[in-house]
file final_29.csv (CSV, C-alpha atoms and all ligand atoms)
chain,number,residue,atom,x,y,z
A,11,MET,CA,20.2,-132.1,158.5
A,12,HIS,CA,21.4,-128.8,157.0
A,13,GLN,CA,18.9,-126.7,155.0
A,14,LYS,CA,21.2,-126.7,152.0
A,15,ASP,CA,21.1,-130.5,152.0
A,16,MET,CA,17.4,-130.3,151.4
A,17,GLU,CA,17.8,-129.0,147.9
A,18,PHE,CA,18.5,-132.0,145.6
A,19,HIS,CA,17.7,-134.1,142.6
A,20,PHE,CA,17.4,-137.9,142.8
A,21,ARG,CA,16.8,-140.4,140.0
A,22,THR,CA,15.3,-143.8,140.9
A,23,LEU,CA,16.5,-146.6,138.8
A,24,PRO,CA,14.1,-149.2,137.3
A,25,GLN,CA,15.5,-152.5,138.4
A,26,ARG,CA,14.1,-155.6,140.2
A,27,VAL,CA,16.2,-156.9,143.1
A,28,SER,CA,15.9,-160.3,144.8
A,29,PHE,CA,18.2,-160.8,147.8
A,30,GLY,CA,18.8,-163.8,150.1
A,31,VAL,CA,20.3,-167.2,150.8
A,32,GLY,CA,19.5,-169.6,147.9
A,33,HIS,CA,17.8,-167.0,145.8
A,34,ILE,CA,19.5,-168.3,142.7
A,35,ARG,CA,16.5,-170.7,142.5
A,36,GLU,CA,14.4,-167.7,141.4
A,37,VAL,CA,16.2,-167.4,138.1
A,38,SER,CA,13.6,-169.1,136.0
A,39,ALA,CA,10.8,-167.0,137.5
A,40,GLU,CA,12.9,-163.9,136.6
A,41,MET,CA,13.2,-165.2,133.0
A,42,ASP,CA,9.3,-165.5,133.0
A,43,ALA,CA,9.0,-161.9,134.3
A,44,LEU,CA,11.1,-160.7,131.4
A,45,GLY,CA,9.2,-162.8,128.9
A,46,ALA,CA,12.5,-164.6,128.0
A,47,GLU,CA,12.8,-168.3,127.0
A,48,ARG,CA,16.5,-169.1,126.4
A,49,ALA,CA,19.4,-167.6,128.4
A,50,ALA,CA,23.1,-167.2,127.4
A,51,VAL,CA,25.1,-167.5,130.6
A,52,LEU,CA,28.4,-165.5,131.0
A,53,THR,CA,31.2,-166.1,133.5
A,54,THR,CA,35.0,-165.5,133.7
A,55,PRO,CA,37.2,-168.4,132.6
A,56,GLY,CA,37.9,-169.7,136.1
A,57,ARG,CA,34.3,-169.6,137.3
A,58,THR,CA,32.5,-172.1,135.0
A,59,ALA,CA,31.2,-173.8,138.1
A,60,LEU,CA,28.9,-170.8,138.6
A,61,ALA,CA,27.3,-171.4,135.2
A,62,ASP,CA,27.0,-175.0,136.0
A,63,GLN,CA,24.8,-174.2,139.1
A,64,LEU,CA,22.3,-172.6,136.7
A,65,ARG,CA,22.0,-175.6,134.4
A,66,PRO,CA,19.6,-177.7,136.6
A,67,LEU,CA,17.6,-174.5,137.5
A,68,LEU,CA,17.1,-173.5,133.9
A,69,GLY,CA,16.9,-176.9,132.2
A,70,ALA,CA,16.1,-176.4,128.5
A,71,ARG,CA,16.2,-172.7,129.0
A,72,PHE,CA,20.0,-172.8,129.5
A,73,ALA,CA,20.9,-171.9,125.9
A,74,GLY,CA,24.7,-172.0,126.3
A,75,ALA,CA,27.6,-170.7,128.3
A,76,PHE,CA,30.3,-168.2,127.3
A,77,PRO,CA,33.1,-168.4,130.0
A,78,GLY,CA,35.3,-165.8,128.4
A,79,ALA,CA,34.7,-162.5,130.4
A,80,VAL,CA,37.9,-160.6,131.3
A,81,MET,CA,38.7,-157.3,133.1
A,82,HIS,CA,37.8,-154.0,131.4
A,83,THR,CA,35.4,-155.4,128.8
A,84,PRO,CA,37.6,-155.5,125.6
A,85,VAL,CA,35.5,-155.1,122.5
A,86,GLU,CA,37.1,-158.2,120.9
A,87,VAL,CA,35.7,-160.3,123.7
A,88,THR,CA,32.3,-158.7,123.3
A,89,ASP,CA,32.4,-159.5,119.5
A,90,ALA,CA,33.2,-163.2,120.3
A,91,ALA,CA,30.4,-163.4,122.9
A,92,GLN,CA,27.9,-161.8,120.6
A,93,ALA,CA,28.6,-164.4,118.0
A,94,ALA,CA,28.2,-167.1,120.6
A,95,ILE,CA,24.9,-165.9,121.9
A,96,ALA,CA,23.5,-165.6,118.3
A,97,GLU,CA,24.6,-169.3,117.8
A,98,PHE,CA,22.8,-170.2,121.1
A,99,ASN,CA,19.6,-168.5,119.8
A,100,ALA,CA,19.4,-166.8,123.2
A,101,ASP,CA,16.8,-164.2,124.1
A,102,ALA,CA,18.2,-163.2,127.5
A,103,ILE,CA,21.7,-162.8,129.0
A,104,ILE,CA,22.6,-163.9,132.5
A,105,SER,CA,25.9,-162.6,134.0
A,106,VAL,CA,27.1,-164.6,137.0
A,107,GLY,CA,30.3,-163.2,138.5
A,108,GLY,CA,32.0,-160.0,139.3
A,109,GLY,CA,32.4,-156.6,137.6
A,110,SER,CA,34.2,-158.2,134.6
A,111,THR,CA,31.4,-160.6,133.8
A,112,ILE,CA,28.7,-157.9,134.4
A,113,GLY,CA,30.6,-155.5,132.1
A,114,LEU,CA,30.4,-158.1,129.3
A,115,GLY,CA,26.7,-158.7,129.9
A,116,LYS,CA,26.0,-154.9,129.8
A,117,ALA,CA,27.9,-154.5,126.6
A,118,LEU,CA,26.0,-157.4,125.0
A,119,SER,CA,22.6,-156.3,126.3
A,120,LEU,CA,23.3,-152.8,124.9
A,121,ARG,CA,24.3,-154.1,121.5
A,122,THR,CA,21.5,-156.7,121.2
A,123,GLY,CA,18.6,-155.2,123.2
A,124,LEU,CA,18.3,-158.5,125.1
A,125,PRO,CA,17.2,-158.3,128.8
A,126,HIS,CA,20.0,-158.8,131.3
A,127,ILE,CA,19.8,-160.6,134.6
A,128,VAL,CA,22.8,-160.3,136.9
A,129,ILE,CA,23.9,-162.6,139.7
A,130,PRO,CA,26.8,-160.8,141.4
A,131,THR,CA,29.5,-162.7,143.2
A,132,THR,CA,31.8,-159.8,144.3
A,133,TYR,CA,31.1,-156.5,145.9
A,134,ALA,CA,32.2,-154.2,143.0
A,135,GLY,CA,28.6,-152.8,142.5
A,136,SER,CA,28.4,-152.7,138.7
A,137,GLU,CA,25.1,-154.5,138.6
A,138,ALA,CA,23.3,-151.5,140.1
A,139,THR,CA,24.6,-148.9,137.6
A,140,PRO,CA,23.8,-147.7,134.1
A,141,VAL,CA,27.5,-147.4,133.4
A,142,LEU,CA,29.7,-149.4,131.1
A,143,GLY,CA,33.5,-149.1,130.7
A,144,GLN,CA,34.9,-150.8,127.6
A,145,THR,CA,38.4,-151.1,126.1
A,146,ALA,CA,39.2,-150.7,122.4
A,147,ASN,CA,42.8,-150.5,121.1
A,148,GLY,CA,44.0,-150.4,124.7
A,149,VAL,CA,42.0,-147.3,125.6
A,150,LYS,CA,39.2,-147.6,128.1
A,151,THR,CA,36.2,-145.4,127.7
A,152,THR,CA,33.1,-145.1,129.9
A,153,MET,CA,29.6,-144.4,128.9
A,154,SER,CA,26.3,-144.2,130.7
A,155,ALA,CA,22.8,-144.9,129.3
A,156,PRO,CA,19.5,-146.1,130.8
A,157,ALA,CA,19.6,-149.2,128.5
A,158,ILE,CA,22.9,-150.3,130.2
A,159,LEU,CA,21.2,-150.9,133.6
A,160,PRO,CA,20.5,-154.6,134.0
A,161,ALA,CA,16.8,-155.5,134.3
A,162,SER,CA,17.2,-157.5,137.4
A,163,ILE,CA,19.6,-158.5,140.1
A,164,ILE,CA,19.6,-161.8,142.0
A,165,TYR,CA,21.8,-161.6,145.1
A,166,ASP,CA,22.4,-165.1,146.4
A,167,VAL,CA,24.7,-164.9,149.4
A,168,THR,CA,25.8,-168.5,149.1
A,169,LEU,CA,27.5,-167.8,145.8
A,170,THR,CA,29.9,-165.4,147.6
A,171,THR,CA,31.2,-167.7,150.3
A,172,ASP,CA,34.1,-169.0,148.1
A,173,LEU,CA,35.2,-165.5,147.1
A,174,PRO,CA,38.7,-165.6,148.7
A,175,ALA,CA,39.2,-163.5,151.8
A,176,ARG,CA,41.7,-161.1,150.2
A,177,THR,CA,39.4,-160.5,147.1
A,178,SER,CA,36.4,-160.1,149.4
A,179,LEU,CA,38.4,-157.4,151.4
A,180,THR,CA,39.6,-155.4,148.4
A,181,SER,CA,36.3,-155.8,146.5
A,182,GLY,CA,34.4,-154.6,149.7
A,183,ILE,CA,36.7,-151.6,150.1
A,184,ASN,CA,36.1,-150.9,146.3
A,185,ALA,CA,32.4,-150.7,147.3
A,186,ILE,CA,33.1,-148.5,150.3
A,187,ALA,CA,34.9,-146.0,147.9
A,188,HIS,CA,31.5,-145.6,146.0
A,189,ALA,CA,29.8,-144.6,149.3
A,190,VAL,CA,32.6,-142.3,150.4
A,191,GLU,CA,32.6,-140.3,147.1
A,192,ALA,CA,28.8,-140.2,147.1
A,193,LEU,CA,28.8,-138.6,150.5
A,194,TYR,CA,30.8,-135.6,149.2
A,195,ALA,CA,29.5,-135.6,145.6
A,196,VAL,CA,28.6,-132.3,144.1
A,197,ASP,CA,25.2,-133.8,143.2
A,198,GLY,CA,24.9,-135.7,146.4
A,199,ASN,CA,21.5,-136.0,148.1
A,200,PRO,CA,20.1,-137.1,151.5
A,201,VAL,CA,18.7,-140.4,150.2
A,202,THR,CA,22.0,-141.5,148.7
A,203,SER,CA,23.9,-140.3,151.7
A,204,MET,CA,21.7,-142.3,154.0
A,205,MET,CA,22.4,-145.4,151.9
A,206,ALA,CA,26.1,-144.6,151.8
A,207,GLU,CA,26.4,-144.3,155.6
A,208,GLU,CA,24.6,-147.6,156.2
A,209,ALA,CA,26.6,-149.3,153.5
A,210,VAL,CA,29.9,-148.3,155.2
A,211,ARG,CA,28.5,-149.4,158.5
A,212,GLN,CA,27.6,-152.9,157.1
A,213,LEU,CA,30.8,-153.4,155.2
A,214,GLY,CA,33.1,-152.0,157.9
A,215,THR,CA,31.7,-154.6,160.4
A,216,ALA,CA,31.4,-157.5,157.9
A,217,LEU,CA,34.7,-157.4,156.1
A,218,PRO,CA,37.0,-158.3,159.1
A,219,GLN,CA,34.5,-161.1,160.0
A,220,ILE,CA,34.7,-162.5,156.5
A,221,CYS,CA,38.5,-162.4,156.5
A,222,ALA,CA,38.4,-164.4,159.8
A,223,ASP,CA,35.8,-166.8,158.4
A,224,PRO,CA,35.0,-166.6,154.7
A,225,ALA,CA,32.0,-169.0,155.2
A,226,ASN,CA,30.3,-166.7,157.8
A,227,ILE,CA,26.9,-166.4,156.1
A,228,GLU,CA,25.7,-163.5,158.3
A,229,ALA,CA,28.8,-161.4,157.5
A,230,ARG,CA,28.5,-162.4,153.8
A,231,SER,CA,24.9,-161.2,153.8
A,232,ALA,CA,25.8,-157.9,155.5
A,233,ALA,CA,28.6,-157.3,153.0
A,234,LEU,CA,26.5,-158.1,150.0
A,235,TYR,CA,23.7,-155.9,151.2
A,236,GLY,CA,26.3,-153.1,151.8
A,237,ALA,CA,27.7,-153.7,148.4
A,238,TRP,CA,24.3,-153.3,146.8
A,239,LEU,CA,23.8,-150.0,148.6
A,240,CYS,CA,27.2,-148.9,147.4
A,241,GLY,CA,26.2,-149.7,143.8
A,242,ILE,CA,23.2,-147.4,144.2
A,243,CYS,CA,25.6,-144.7,145.5
A,244,LEU,CA,27.7,-145.1,142.4
A,245,ALA,CA,24.6,-144.9,140.2
A,246,THR,CA,23.0,-141.9,141.9
A,247,ALA,CA,25.9,-139.6,142.7
A,248,GLY,CA,28.9,-138.3,140.7
A,249,MET,CA,32.3,-139.7,141.6
A,250,ALA,CA,35.3,-137.5,142.1
A,251,LEU,CA,39.1,-137.6,142.6
A,252,HIS,CA,39.2,-141.2,144.0
A,253,HIS,CA,37.5,-142.8,141.0
A,254,LYS,CA,39.3,-140.7,138.5
A,255,LEU,CA,42.7,-141.5,140.0
A,256,CYS,CA,41.8,-145.2,140.2
A,257,HIS,CA,40.7,-145.1,136.5
A,258,THR,CA,44.0,-143.4,135.6
A,259,LEU,CA,46.2,-145.8,137.5
A,260,GLY,CA,44.2,-148.9,136.5
A,261,GLY,CA,44.1,-147.9,132.8
A,262,SER,CA,47.5,-146.4,132.2
A,263,PHE,CA,49.6,-148.5,134.5
A,264,GLY,CA,47.6,-151.8,134.3
A,265,LEU,CA,47.1,-152.1,138.0
A,266,PRO,CA,44.5,-154.5,139.5
A,267,HIS,CA,41.1,-152.6,139.9
A,268,ALA,CA,40.1,-153.5,143.5
A,269,ASP,CA,43.7,-153.3,144.9
A,270,VAL,CA,44.1,-149.8,143.5
A,271,HIS,CA,40.8,-148.7,145.2
A,272,THR,CA,41.8,-150.3,148.5
A,273,ILE,CA,45.3,-148.6,148.6
A,274,LEU,CA,44.2,-145.1,147.4
A,275,LEU,CA,41.0,-144.6,149.3
A,276,PRO,CA,42.5,-143.7,152.7
A,277,HIS,CA,44.8,-141.2,151.1
A,278,VAL,CA,42.2,-139.6,148.9
A,279,LEU,CA,39.9,-139.3,151.9
A,280,ALA,CA,42.8,-137.6,153.8
A,281,TYR,CA,43.3,-135.3,150.9
A,282,ASN,CA,39.7,-134.3,150.7
A,283,ALA,CA,38.9,-134.3,154.5
A,284,PRO,CA,39.7,-130.6,155.1
A,285,ALA,CA,36.9,-129.8,152.5
A,286,ALA,CA,34.5,-132.5,153.4
A,287,ALA,CA,33.7,-132.2,157.1
A,288,HIS,CA,30.2,-133.8,156.9
A,289,THR,CA,31.6,-136.8,155.0
A,290,VAL,CA,34.2,-137.3,157.7
A,291,GLU,CA,31.5,-137.0,160.4
A,292,ARG,CA,29.2,-139.6,158.7
A,293,LEU,CA,32.0,-142.0,158.0
A,294,SER,CA,33.3,-141.7,161.6
A,295,ARG,CA,29.8,-142.5,162.9
A,296,ALA,CA,29.5,-145.5,160.5
A,297,LEU,CA,32.9,-146.9,161.4
A,298,GLY,CA,32.8,-146.0,165.1
A,299,CYS,CA,36.0,-144.0,165.0
A,300,ASP,CA,37.3,-140.4,164.9
A,301,ASP,CA,39.6,-140.9,161.9
A,302,PRO,CA,37.9,-142.8,159.0
A,303,ALA,CA,41.0,-142.5,156.7
A,304,ALA,CA,43.2,-144.3,159.2
A,305,ARG,CA,40.3,-146.7,160.0
A,306,ILE,CA,40.0,-147.7,156.3
A,307,TYR,CA,43.8,-148.1,156.0
A,308,ASP,CA,43.7,-150.4,159.1
A,309,LEU,CA,40.8,-152.3,157.6
A,310,SER,CA,43.1,-153.4,154.8
A,311,ALA,CA,46.4,-153.6,156.8
A,312,GLN,CA,44.9,-155.7,159.6
A,313,ASN,CA,43.1,-158.1,157.4
A,314,GLY,CA,45.8,-159.1,154.9
A,315,GLY,CA,45.0,-156.5,152.2
A,316,PRO,CA,47.4,-154.2,150.3
A,317,VAL,CA,48.5,-150.8,151.7
A,318,SER,CA,51.1,-149.6,149.2
A,319,LEU,CA,51.2,-149.0,145.5
A,320,ALA,CA,54.8,-150.2,145.5
A,321,GLU,CA,53.6,-153.8,146.4
A,322,ILE,CA,51.5,-153.9,143.2
A,323,GLY,CA,54.2,-152.5,140.9
A,324,PHE,CA,53.6,-148.7,140.9
A,325,THR,CA,56.8,-146.9,141.9
A,326,GLU,CA,57.9,-143.4,142.9
A,327,SER,CA,59.1,-142.8,139.4
A,328,ASN,CA,55.6,-143.1,138.0
A,329,ILE,CA,54.1,-140.4,140.2
A,330,ALA,CA,54.8,-137.4,138.0
A,331,GLN,CA,53.2,-139.0,135.0
A,332,ALA,CA,50.2,-140.1,137.0
A,333,VAL,CA,49.7,-136.6,138.4
A,334,ASP,CA,49.9,-135.2,134.9
A,335,LEU,CA,47.2,-137.6,133.7
A,336,ALA,CA,45.0,-136.8,136.8
A,337,LEU,CA,45.3,-133.1,136.1
A,338,THR,CA,44.4,-133.3,132.5
A,339,GLN,CA,40.8,-134.1,133.4
A,340,ARG,CA,38.6,-131.5,135.1
A,341,TYR,CA,35.8,-132.7,137.4
A,342,PRO,CA,34.1,-131.6,140.6
A,343,ASN,CA,36.0,-132.5,143.8
A,344,PRO,CA,35.5,-131.1,147.3
A,345,ARG,CA,39.1,-129.9,147.5
A,346,PRO,CA,40.6,-128.3,144.4
A,347,LEU,CA,43.2,-130.5,142.6
A,348,GLU,CA,46.7,-129.2,143.4
A,349,ARG,CA,49.8,-130.7,141.9
A,350,ALA,CA,51.8,-130.6,145.1
A,351,GLY,CA,49.0,-132.1,147.1
A,352,LEU,CA,48.4,-134.9,144.6
A,353,GLU,CA,52.1,-135.7,144.5
A,354,GLN,CA,52.2,-136.0,148.2
A,355,LEU,CA,49.0,-138.2,148.1
A,356,LEU,CA,50.6,-140.6,145.7
A,357,HIS,CA,53.9,-140.5,147.5
A,358,ASN,CA,52.1,-141.6,150.7
A,359,ALA,CA,50.2,-144.3,148.7
A,360,VAL,CA,53.4,-145.6,147.1
A,361,PHE,CA,55.1,-146.1,150.5
A,362,GLY,CA,51.9,-147.1,152.3
A,363,THR,CA,52.1,-144.4,154.9
A,364,ARG,CA,49.2,-144.6,157.4
A,365,PRO,CA,47.2,-141.4,156.9
A,366,SER,CA,45.9,-139.3,159.8
A,367,ILE,CA,43.1,-136.8,159.9
A,368,ALA,CA,42.2,-137.1,163.5
A,369,PRO,CA,41.1,-133.7,165.0
A,401,LIG,P1,36.3,-159.5,138.5
A,401,LIG,O1,34.9,-159.6,138.0
A,401,LIG,O2,37.4,-159.5,137.5
A,401,LIG,O3,36.5,-160.6,139.6
A,401,LIG,C1,37.7,-160.7,140.3
A,401,LIG,C2,38.1,-162.2,140.3
A,401,LIG,O4,37.3,-162.9,141.2
A,401,LIG,C3,38.0,-162.9,139.0
A,401,LIG,O5,39.1,-163.7,138.7
A,401,LIG,C4,36.7,-163.8,139.2
A,401,LIG,O6,36.7,-164.9,138.4
A,401,LIG,C5,36.8,-164.1,140.6
A,401,LIG,N1,35.5,-164.4,141.3
A,401,LIG,C6,34.3,-163.7,141.1
A,401,LIG,N2,33.4,-164.3,141.9
A,401,LIG,C7,34.0,-165.2,142.6
A,401,LIG,C8,33.6,-166.2,143.6
A,401,LIG,N3,32.3,-166.1,144.1
A,401,LIG,N4,34.5,-167.0,144.1
A,401,LIG,C9,35.7,-167.1,143.7
A,401,LIG,N5,36.2,-166.2,142.7
A,401,LIG,C10,35.4,-165.3,142.2
A,401,LIG,O7,36.5,-158.1,139.4
A,401,LIG,P2,35.6,-157.1,140.1
A,401,LIG,O8,36.4,-156.4,141.1
A,401,LIG,O9,34.3,-157.7,140.6
A,401,LIG,O10,35.2,-156.1,139.0
A,401,LIG,C11,36.1,-155.3,138.4
A,401,LIG,C12,35.7,-154.8,137.0
A,401,LIG,O11,34.4,-154.2,137.1
A,401,LIG,C13,36.5,-153.7,136.5
A,401,LIG,O12,36.7,-153.8,135.1
A,401,LIG,C14,35.8,-152.4,136.8
A,401,LIG,O13,36.1,-151.3,135.9
A,401,LIG,C15,34.3,-152.9,136.7
A,401,LIG,N6,33.3,-152.1,137.4
A,401,LIG,C16,32.4,-151.5,136.7
A,401,LIG,C17,31.4,-150.7,137.4
A,401,LIG,C18,30.4,-150.0,136.7
A,401,LIG,O14,29.4,-149.5,137.3
A,401,LIG,N7,30.4,-150.0,135.4
A,401,LIG,C19,31.4,-150.7,138.8
A,401,LIG,C20,32.4,-151.4,139.5
A,401,LIG,C21,33.4,-152.1,138.8
call {"tool": "encode", "arguments": {"input": "final_29.csv", "output": "structure tokens", "more": "lines below"}}
Ligand code: NAD
result
Amino acid sequence: MHQKDMEFHFRTLPQRVSFGVGHIREVSAEMDALGAERAAVLTTPGRTALADQLRPLLGARFAGAFPGAVMHTPVEVTDAAQAAIAEFNADAIISVGGGSTIGLGKALSLRTGLPHIVIPTTYAGSEATPVLGQTANGVKTTMSAPAILPASIIYDVTLTTDLPARTSLTSGINAIAHAVEALYAVDGNPVTSMMAEEAVRQLGTALPQICADPANIEARSAALYGAWLCGICLATAGMALHHKLCHTLGGSFGLPHADVHTILLPHVLAYNAPAAAHTVERLSRALGCDDPAARIYDLSAQNGGPVSLAEIGFTESNIAQAVDLALTQRYPNPRPLERAGLEQLLHNAVFGTRPSIAP
């Protein structure tokens, strides 16, 4: 530990967490702990079966389901959901699903003041953060406030076994991205870094096992545990170039969230590596390699994940506009933002070139 790393600020987040196989059965006790009687249950349209699993556990406390969550939390969807939960006469919100469902639950909880229980089924990490991204008139804005942090999380590993292998992989690499940027964050700290390194170790081992056998409950547990740690990383350290670029590409070019994270992360890490030696050292230790950028690229390539922006519809002709957008925002990043370097980064990402930062 370097002396300079022993000067830090850390904010603990008030949130209850229950983790384990079958823990969805604790949902009623969690309602009791929050003093709530009737829950409105949110899902995405394709995942109503997740809400159905809660019906027998909640009985009469299941006030109604709103299966309309979509990516990027459009305010029109939140308006419709708010009307529905008023109709249900609900006094609590339960989000069961991935980041899209959780985003809707956060928006509703913020508007109504109702307590929010989250049952995550992907690895995106939103459940652990006081951050909400919403879209109005096609523009996505992000806000942070203590009231956005869900009151409690129930991680039930069994709900993740039907998450398809490819979605598991990209969602897991999305989580790893939170840990990577927390390691070199300007407001990083030894507690978050400890969680980040462990998270990358857990996910790096578990994701190939999940791709080989999506029902592997031990690998699923390790990945979900790693994802929770990554969520805390996202909540307790400032994100940099990688998250800003993903936000730009996702928002302005309509690209799928987890795929963009998966494709860009090795290239952003390669860009930042010359200015982030400690991060490279910790990631190398966690992943058991000497080139974590190449290792994360291989994690996707060898397990059926995306490696090029071209394959998700972003082409060479989009690079100049994306770099313009990336340079309009100013934020801390280990390596200064340079136009030529960013163009090269995106060029490599468009063509899926395997990065190399090996010493
Ligand atoms: P998602 O919630 O859209 O889920 C991806 C797909 O997987 C959906 O079609 C969903 O129905 C399906 N799915 C979810 N669980 C499943 C399961 N167990 N089995 C089968 N299918 C399942 O995507 P995501 O990647 O989890 O979240 C992305 C969104 O979350 C983005 O809008 C992003 O901005 C946001 N996000 C926010 C934060 C934050 O802190 N505010 C953090 C991370 C992500």
call {"tool": "residues_around", "arguments": {"input": "final_29.csv", "residues": "segment 251-262 of chain A", "least_positions_apart": "6", "cutoff": "9 Å", "atoms": "only C-alpha atoms", "output": "PyMOL selection string"}}
result
chain A and resi 82+148-150+187-188+191+270-271+274-275+278-279+282+324+332-333+335-336+339+341-344+347
call {"tool": "residues_near_ligand", "arguments": {"input": "final_29.csv", "ligand": "ligand LIG 401 (chain A)", "cutoff": "6 Å", "atoms": "only C-alpha atoms and all ligand atoms", "output": "ChimeraX atom specification"}}
result
/A:54,56-57,81-82,107-111,131-132,134-136,139,141-143,169-170,172-173,181,267-268
call {"tool": "closest_residue", "arguments": {"input": "final_29.csv", "among": "A:Leu244, A:Val290, A:Cys221, A:Ile183", "to": "Ile273 of chain A", "atoms": "all atoms listed in the file"}}
result
A:Ile183
call {"tool": "closest_residue", "arguments": {"input": "final_29.csv", "among": "A:Gly113, A:Pro276, A:Pro24, A:Pro125", "to": "Ala43 of chain A", "atoms": "all atoms listed in the file"}}
result
A:Pro125
call {"tool": "closest_residue", "arguments": {"input": "final_29.csv", "among": "A:Ile329, A:Ala206, A:Leu337, A:Ala229", "to": "Asn358 of chain A", "atoms": "all atoms listed in the file"}}
result
A:Ile329
call {"tool": "closest_residue", "arguments": {"input": "final_29.csv", "among": "A:Leu23, A:Val317, A:Leu239, A:Ala49", "to": "Thr202 of chain A", "atoms": "only C-alpha atoms"}}
result
A:Leu239
call {"tool": "atom_distance", "arguments": {"input": "final_29.csv", "atom1": "atom CA of Ile306 of chain A", "atom2": "atom CA of Thr180 of chain A"}}
result
11.0 Å
call {"tool": "closest_residue", "arguments": {"input": "final_29.csv", "among": "A:Ile95, A:Ala195, A:Thr53, A:Val87", "to": "Ile112 of chain A", "atoms": "only C-alpha atoms"}}
result
A:Thr53
call {"tool": "closest_residue", "arguments": {"input": "final_29.csv", "among": "A:Glu86, A:Asp42, A:Asp166, A:Glu291", "to": "Leu193 of chain A", "atoms": "only C-alpha atoms"}}
result
A:Glu291
call {"tool": "residues_around", "arguments": {"input": "final_29.csv", "residues": "Pro200 of chain A", "least_positions_apart": "6", "cutoff": "10 Å", "atoms": "all atoms listed in the file", "output": "PyMOL selection string"}}
result
chain A and resi 11+15-20+193+206
call {"tool": "residues_around", "arguments": {"input": "final_29.csv", "residues": "Ala296 of chain A", "least_positions_apart": "4", "cutoff": "7 Å", "atoms": "only C-alpha atoms", "output": "JSON, numbers by chain"}}
result
{"A": [207, 208, 210, 211, 292]}
call {"tool": "atom_distance", "arguments": {"input": "final_29.csv", "atom1": "atom CA of Val85 of chain A", "atom2": "atom CA of Thr151 of chain A"}}
result
11.0 Å
call {"tool": "residues_around", "arguments": {"input": "final_29.csv", "residues": "Ser38 of chain A", "least_positions_apart": "5", "cutoff": "12 Å", "atoms": "only C-alpha atoms", "output": "JSON, numbers by chain"}}
result
{"A": [33, 43, 44, 45, 46, 47, 48, 49, 64, 65, 66, 67, 68, 69, 70, 71, 72, 102, 104, 127, 164]}
call {"tool": "write_last_selection", "arguments": {"input": "final_29.csv", "atoms": "C-alpha atoms", "output": "mmCIF file, in the frame of the given file"}}
result
data_model
loop_
_atom_site.group_PDB
_atom_site.id
_atom_site.type_symbol
_atom_site.label_atom_id
_atom_site.label_comp_id
_atom_site.auth_asym_id
_atom_site.auth_seq_id
_atom_site.Cartn_x
_atom_site.Cartn_y
_atom_site.Cartn_z
ATOM 1 C CA HIS A 33 17.800 -167.000 145.800
ATOM 2 C CA ALA A 43 9.000 -161.900 134.300
ATOM 3 C CA LEU A 44 11.100 -160.700 131.400
ATOM 4 C CA GLY A 45 9.200 -162.800 128.900
ATOM 5 C CA ALA A 46 12.500 -164.600 128.000
ATOM 6 C CA GLU A 47 12.800 -168.300 127.000
ATOM 7 C CA ARG A 48 16.500 -169.100 126.400
ATOM 8 C CA ALA A 49 19.400 -167.600 128.400
ATOM 9 C CA LEU A 64 22.300 -172.600 136.700
ATOM 10 C CA ARG A 65 22.000 -175.600 134.400
ATOM 11 C CA PRO A 66 19.600 -177.700 136.600
ATOM 12 C CA LEU A 67 17.600 -174.500 137.500
ATOM 13 C CA LEU A 68 17.100 -173.500 133.900
ATOM 14 C CA GLY A 69 16.900 -176.900 132.200
ATOM 15 C CA ALA A 70 16.100 -176.400 128.500
ATOM 16 C CA ARG A 71 16.200 -172.700 129.000
ATOM 17 C CA PHE A 72 20.000 -172.800 129.500
ATOM 18 C CA ALA A 102 18.200 -163.200 127.500
ATOM 19 C CA ILE A 104 22.600 -163.900 132.500
ATOM 20 C CA ILE A 127 19.800 -160.600 134.600
ATOM 21 C CA ILE A 164 19.600 -161.800 142.000
#
call {"tool": "atom_distance", "arguments": {"input": "final_29.csv", "atom1": "atom CA of Tyr235 of chain A", "atom2": "atom CA of Gln144 of chain A"}}
result
26.6 Å
call {"tool": "residues_around", "arguments": {"input": "final_29.csv", "residues": "Ala96 of chain A", "least_positions_apart": "5", "cutoff": "12 Å", "atoms": "all atoms listed in the file", "output": "VMD selection string"}}
result
chain A and resid 48 to 50 73 to 76 89 to 91 101 to 103 118 121 to 122 124
call {"tool": "build_atoms", "arguments": {"input": "final_29.csv", "residues": "segment 97-103 of chain A", "atoms": "N, CA and C atoms", "output": "tab-separated table (two decimals), in the frame of the given file"}}
result
chain	number	residue	atom	x	y	z
A	97	GLU	N	24.55	-167.80	118.08
A	97	GLU	CA	24.60	-169.30	117.80
A	97	GLU	C	23.66	-170.01	118.79
A	98	PHE	N	23.64	-169.54	120.06
A	98	PHE	CA	22.80	-170.20	121.10
A	98	PHE	C	21.30	-169.90	120.85
A	99	ASN	N	21.03	-168.90	119.99
A	99	ASN	CA	19.60	-168.50	119.80
A	99	ASN	C	19.03	-168.01	121.12
A	100	ALA	N	19.83	-167.26	121.90
A	100	ALA	CA	19.40	-166.80	123.20
A	100	ALA	C	18.54	-165.56	123.11
A	101	ASP	N	17.57	-165.40	124.02
A	101	ASP	CA	16.80	-164.20	124.10
A	101	ASP	C	16.92	-163.47	125.41
A	102	ALA	N	17.92	-163.88	126.20
A	102	ALA	CA	18.20	-163.20	127.50
A	102	ALA	C	19.68	-163.49	127.81
A	103	ILE	N	20.25	-162.60	128.63
A	103	ILE	CA	21.70	-162.80	129.00
A	103	ILE	C	21.67	-162.86	130.57
